[in-house]
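> For reference, the structure I am asking about is given below.
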Amino acid sequence: MIVPFELDPSQPVPIYRQIYQRFCECIADGRLRPGDRVPAVRALAAELNLARGTVDAAYQLLIGEGYLIARGAAGTVVTPQLAPVASPTHRAPVASTTHQAAHCGALPLALQIGLPALDAFPRKLWTRLAGRQLRQAGLEGLVYPDSRGYAPLRSAIASYLGISRGITCHPDQVFVCAGYRACLDLISHTLMRQGDTCWLEEPGYFMARNALLEAGAQLVPVPVDDQGLNVAQGIARAPDAGFAVVTPTHQSPLGVSLSLPRRFALLDWANRQGSWIIEDDYDSEYRYQGKPLPALKSLDQQGRVLYTGTFSKVLFPGLRLAYLVVPAEQNQAFARQADRLHNHCPHLLQATVAAFLNEGHFARHLKKMRTLYARRRQWLVDALHQQFGDRLQISAQVGGMHLVVGLCEGNDIELAQRARAAGIAVEPLSRWYLEAKPRHGLVLGFTNITCVEQASIAALRLAEIM
Ligand SMILES: Cc1ncc(COP(=O)(O)O)c(C=O)c1O
């Protein structure tokens, strides 16, 4: 064994995470070099006297973040292209700093993904509504809030979903959670057992991957093509999986929609198998051509879909408010767990969002944002075309808040690191892959580009870096 491990079970950090950190340190300080072969899962588990699943979870995370590459029978190696990253003086792993930066409270960089247009948020109106809620809240505003969410907000969400997403649900089925990750935590605490198998889109959202790994799930990557998740391949790989996590409206990150035949195939599989589908409908409100697609949940006759949505993309992520819709038969079980987890969301923010929805501001805000994003998206597409011509393949997504561009050559992780050093926060597409040979590309946010010139400057800087 080339890597001396010191693991401390008494630490609050889970063991698999400690293994992950040790590997990152070894790669960063040069003890593990690009191309070095790392021990097989079984061998390392035996050496450390751990369950294979624990080591496997650490390896999956390292592979997902681009540190390691699994080469089947040839073993797992440190990613050869990591060379410039792994300098002995650079102890902080670059892959994790890139992702932390998206959620560390810093102001957005150019082309940063995942944020709505912060300049266009109606702050005055929001302040007025929040002030009113604060003044009007009686003792109810001061005590512990309902762990399932503020009742008027749950009702407002149920009405909104009925009108906009084709979902029929009672407010009792709606749970307000502190972000999508908290929705996943509530689901895993209520329905998941250690070792449950879970399909995950390949490429797929890294936050879901990490949350599910931490919940003890065995992840099975299922490829995504131009019709979305390849359901037949999912069935071939893990027919009896207990869960499937999907982004059917705009696949994250590729932006394709799950086709209708695939939607029916997925539901049919879940119905036969008694499996759960977790639908992540994170930015479905933004579609620039044609009508918004109804949610997968709207086709769910047998109550197999756990639907999640978030206010991060349509209002602002600092709110930390998302929601989960569960089948009516599961209301009690979810309510018990919500109470146990004790992750209540602040009353004032929930009441303000409820007023925003009920008084028609939300619908108006969305309408404005759709027009604004269509314009900002076009600015970026034009600027990229102007700088790169045919050298970049821009995927024509019909909706969402980011563009994906494919790279014909080069390593996207390296490129994203260089871009970040120049103040541009593009994300490397390969990071969204769990195990398949990743496609290299860049994911670019356009929502905070406030003028044509900004788009041109960002494209120019990107061209210089490339
Ligand atoms: C695919 C996907 N799902 C869900 C979310 C929402 O996360 P949250 O509600 O925690 O802000 C995001 C945010 O970036 C996302 O990219």
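Every chain in the structure tokens takes a letter, A first, then B, and so on in the order presented; its residues are numbered from 1, and the ligands are numbered from 1 following the presented order.
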Taking only C-alpha atoms and all ligand atoms into account, report as a ChimeraX atom specification which residues have an atom no farther than 6 Å from an atom of ligand 1.
/A:114,179-181,205,252,280,282,310,312,317,322
> Select from region 151-349 of chain A everything DSSP, run on the backbone, classes as strand (DSSP E), then give the selection as a ChimeraX atom specification.
/A:174-177,197-202,218-225,228-229,243-246,276-280,305-310,322-325
> Per residue of region 177-252 of chain A within 7 Å of region 423-434 of chain A, record the nearest atom pair and its distance in Å to one decimal, counting only C-alpha atoms, with rows in chain order and ascending residue number, as a Markdown table.

```
| residue | atom | partner | partner_atom | distance |
| --- | --- | --- | --- | --- |
| A:Glu202 | CA | A:Tyr433 | CA | 5.6 |
| A:Pro203 | CA | A:Tyr433 | CA | 4.5 |
| A:Gly204 | CA | A:Trp432 | CA | 5.3 |
| A:Tyr205 | CA | A:Trp432 | CA | 6.1 |
| A:Phe206 | CA | A:Trp432 | CA | 5.9 |
| A:Pro221 | CA | A:Leu434 | CA | 6.6 |
```
> Could you check which of A:Val353, A:Cys345, A:Cys408, A:Leu254 is closest to Leu125 (chain A), using only C-alpha atoms?
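Closest to Leu125 (chain A), using only C-alpha atoms: A:Val353.
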> Select, from A:Gln194, A:Thr450, A:Gln393, A:Gln173, the residue with the minimum atom-to-atom distance to Gly149 (chain A), counting only C-alpha atoms.
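Smallest separation from Gly149 (chain A) among the options: A:Gln173.
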> Report as a list in words all protein, DNA and RNA residues lying within 12 Å of Met192 (chain A), evaluated on only C-alpha atoms, omitting residues in the same chain fewer than 5 positions from it.
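Contacts, with the query itself left out: Leu184, Asp185, Leu186, Ile187, Thr197, Cys198, Leu212, Leu213, Glu214, Ala215, Gly216, Ala217, Gln218, Ala241, Gly242, Phe243, Ala244, Ser275, Trp276 and Ile278 of chain A.
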> If you run DSSP on the backbone here, which positions in region 113-309 of chain A get helix (DSSP H, G or I)? Please write them as number ranges by chain.
A: 118-120, 123-136, 139-141, 151-164, 171-173, 180-191, 206-214, 231-237, 260-273, 296-299
> Need the shell around region 354-359 of chain A: protein/DNA/RNA residues with any atom at most 10 Å away, counting only C-alpha atoms. Skip same-chain ones fewer than 5 positions apart. Format as a PDB file with N, CA and C atoms, in the first residue's frame?

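As written to disk, around-v2.pdb reads:
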```pdb
ATOM      1  N   LEU A 125     -40.095  45.143  -3.793  1.00  0.00           N
ATOM      2  CA  LEU A 125     -41.352  44.436  -3.562  1.00  0.00           C
ATOM      3  C   LEU A 125     -41.160  43.386  -2.462  1.00  0.00           C
ATOM      4  N   TRP A 126     -40.061  42.667  -2.549  1.00  0.00           N
ATOM      5  CA  TRP A 126     -39.770  41.624  -1.568  1.00  0.00           C
ATOM      6  C   TRP A 126     -39.675  42.224  -0.154  1.00  0.00           C
ATOM      7  N   LEU A 129     -43.121  43.031   1.114  1.00  0.00           N
ATOM      8  CA  LEU A 129     -43.875  41.840   1.529  1.00  0.00           C
ATOM      9  C   LEU A 129     -43.307  41.262   2.826  1.00  0.00           C
ATOM     10  N   ALA A 130     -41.969  41.221   2.915  1.00  0.00           N
ATOM     11  CA  ALA A 130     -41.343  40.649   4.115  1.00  0.00           C
ATOM     12  C   ALA A 130     -41.680  41.502   5.333  1.00  0.00           C
ATOM     13  N   ARG A 132     -44.274  43.358   5.777  1.00  0.00           N
ATOM     14  CA  ARG A 132     -45.679  43.149   6.143  1.00  0.00           C
ATOM     15  C   ARG A 132     -45.848  41.836   6.919  1.00  0.00           C
ATOM     16  N   GLN A 133     -45.174  40.779   6.451  1.00  0.00           N
ATOM     17  CA  GLN A 133     -45.288  39.489   7.157  1.00  0.00           C
ATOM     18  C   GLN A 133     -44.779  39.630   8.582  1.00  0.00           C
ATOM     19  N   TYR A 150     -44.866  25.829   6.344  1.00  0.00           N
ATOM     20  CA  TYR A 150     -45.916  26.785   6.730  1.00  0.00           C
ATOM     21  C   TYR A 150     -47.173  26.469   5.904  1.00  0.00           C
ATOM     22  N   ALA A 151     -48.292  26.240   6.590  1.00  0.00           N
ATOM     23  CA  ALA A 151     -49.490  25.729   5.901  1.00  0.00           C
ATOM     24  C   ALA A 151     -49.903  26.582   4.687  1.00  0.00           C
ATOM     25  N   PRO A 152     -49.966  27.927   4.797  1.00  0.00           N
ATOM     26  CA  PRO A 152     -50.367  28.700   3.605  1.00  0.00           C
ATOM     27  C   PRO A 152     -49.389  28.536   2.443  1.00  0.00           C
ATOM     28  N   LEU A 153     -48.109  28.333   2.747  1.00  0.00           N
ATOM     29  CA  LEU A 153     -47.157  28.128   1.648  1.00  0.00           C
ATOM     30  C   LEU A 153     -47.393  26.757   1.019  1.00  0.00           C
ATOM     31  N   ARG A 154     -47.668  25.762   1.834  1.00  0.00           N
ATOM     32  CA  ARG A 154     -47.920  24.422   1.267  1.00  0.00           C
ATOM     33  C   ARG A 154     -49.149  24.473   0.350  1.00  0.00           C
ATOM     34  N   SER A 155     -50.161  25.239   0.755  1.00  0.00           N
ATOM     35  CA  SER A 155     -51.359  25.371  -0.097  1.00  0.00           C
ATOM     36  C   SER A 155     -51.024  26.105  -1.384  1.00  0.00           C
ATOM     37  N   ALA A 156     -50.224  27.177  -1.260  1.00  0.00           N
ATOM     38  CA  ALA A 156     -49.877  27.964  -2.458  1.00  0.00           C
ATOM     39  C   ALA A 156     -49.069  27.106  -3.429  1.00  0.00           C
ATOM     40  N   ILE A 157     -48.167  26.280  -2.900  1.00  0.00           N
ATOM     41  CA  ILE A 157     -47.356  25.420  -3.775  1.00  0.00           C
ATOM     42  C   ILE A 157     -48.262  24.391  -4.470  1.00  0.00           C
ATOM     43  N   SER A 159     -51.369  24.686  -5.263  1.00  0.00           N
ATOM     44  CA  SER A 159     -52.141  25.344  -6.338  1.00  0.00           C
ATOM     45  C   SER A 159     -51.241  25.631  -7.532  1.00  0.00           C
ATOM     46  N   TYR A 160     -50.048  26.144  -7.265  1.00  0.00           N
ATOM     47  CA  TYR A 160     -49.116  26.462  -8.347  1.00  0.00           C
ATOM     48  C   TYR A 160     -48.803  25.212  -9.164  1.00  0.00           C
ATOM     49  N   LEU A 315     -36.610  32.252  -7.540  1.00  0.00           N
ATOM     50  CA  LEU A 315     -36.503  33.441  -6.679  1.00  0.00           C
ATOM     51  C   LEU A 315     -35.012  33.683  -6.433  1.00  0.00           C
ATOM     52  N   LEU A 348     -40.686  33.479   8.615  1.00  0.00           N
ATOM     53  CA  LEU A 348     -40.811  34.746   7.884  1.00  0.00           C
ATOM     54  C   LEU A 348     -40.585  34.539   6.377  1.00  0.00           C
ATOM     55  N   LEU A 349     -39.578  33.760   6.043  1.00  0.00           N
ATOM     56  CA  LEU A 349     -39.295  33.549   4.619  1.00  0.00           C
ATOM     57  C   LEU A 349     -40.418  32.757   3.948  1.00  0.00           C
ATOM     58  N   ARG A 364     -45.861  36.900 -12.495  1.00  0.00           N
ATOM     59  CA  ARG A 364     -45.326  38.053 -13.246  1.00  0.00           C
ATOM     60  C   ARG A 364     -43.802  37.990 -13.314  1.00  0.00           C
ATOM     61  N   HIS A 365     -43.188  37.627 -12.186  1.00  0.00           N
ATOM     62  CA  HIS A 365     -41.722  37.560 -12.133  1.00  0.00           C
ATOM     63  C   HIS A 365     -41.205  36.507 -13.128  1.00  0.00           C
TER      64      HIS A 365
END
```
> How many Å lie between CA of Gln337 (chain A) and CA of Tyr144 (chain A), rounded to one decimal?
16.3 Å
> In Å, rounded to a single decimal, give me how far CA of Ile19 (chain A) is from CA of Leu61 (chain A).
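Spanning CA of Leu61 (chain A) to CA of Ile19 (chain A) is a straight-line distance of 10.2 Å.
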> Find the residues around Arg71 (chain A) up to 12 Å (only C-alpha atoms counted), leave out those fewer than 4 positions away in its own chain, and share them as a list in words.
Gly35, Arg37, Val38, Ala40, Ile63, Gly75, Thr76, Val77, Val78, Thr79, Glu435, Ala436 and Lys437 of chain A
> Mind writing the picked residues with N, CA and C atoms as a short mmCIF file (atom, residue, chain, number, x, y, z; two decimals), in the first residue's frame?

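Produced file selection-v2.cif, reproduced below:
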```cif
data_model
loop_
_atom_site.label_atom_id
_atom_site.label_comp_id
_atom_site.auth_asym_id
_atom_site.auth_seq_id
_atom_site.Cartn_x
_atom_site.Cartn_y
_atom_site.Cartn_z
N GLY A 35 -1.64 9.03 -13.19
CA GLY A 35 -1.36 7.75 -13.83
C GLY A 35 -1.04 6.64 -12.83
N ARG A 37 -1.45 3.81 -10.19
CA ARG A 37 -2.57 2.91 -9.93
C ARG A 37 -2.86 2.91 -8.43
N VAL A 38 -4.14 2.97 -8.07
CA VAL A 38 -4.50 2.93 -6.64
C VAL A 38 -4.97 1.52 -6.29
N ALA A 40 -7.05 -1.80 -5.34
CA ALA A 40 -8.42 -2.21 -5.65
C ALA A 40 -9.28 -2.01 -4.40
N ILE A 63 -13.88 9.37 -8.30
CA ILE A 63 -14.06 9.22 -9.75
C ILE A 63 -14.98 10.32 -10.26
N GLY A 75 -7.66 -1.71 -13.68
CA GLY A 75 -7.57 -1.08 -12.36
C GLY A 75 -7.97 0.39 -12.39
N THR A 76 -7.85 1.00 -11.21
CA THR A 76 -8.23 2.42 -11.08
C THR A 76 -6.95 3.23 -10.91
N VAL A 77 -6.87 4.35 -11.64
CA VAL A 77 -5.64 5.15 -11.61
C VAL A 77 -5.96 6.61 -11.32
N VAL A 78 -4.94 7.33 -10.87
CA VAL A 78 -5.09 8.78 -10.71
C VAL A 78 -5.18 9.37 -12.12
N THR A 79 -6.15 10.26 -12.31
CA THR A 79 -6.40 10.82 -13.64
C THR A 79 -5.11 11.39 -14.25
N GLU A 435 -18.95 7.19 -13.81
CA GLU A 435 -17.97 6.17 -14.17
C GLU A 435 -17.69 6.06 -15.67
N ALA A 436 -18.66 6.40 -16.51
CA ALA A 436 -18.46 6.21 -17.95
C ALA A 436 -17.34 7.13 -18.41
N LYS A 437 -16.80 6.83 -19.57
CA LYS A 437 -15.76 7.70 -20.12
C LYS A 437 -16.42 9.06 -20.33
#
```
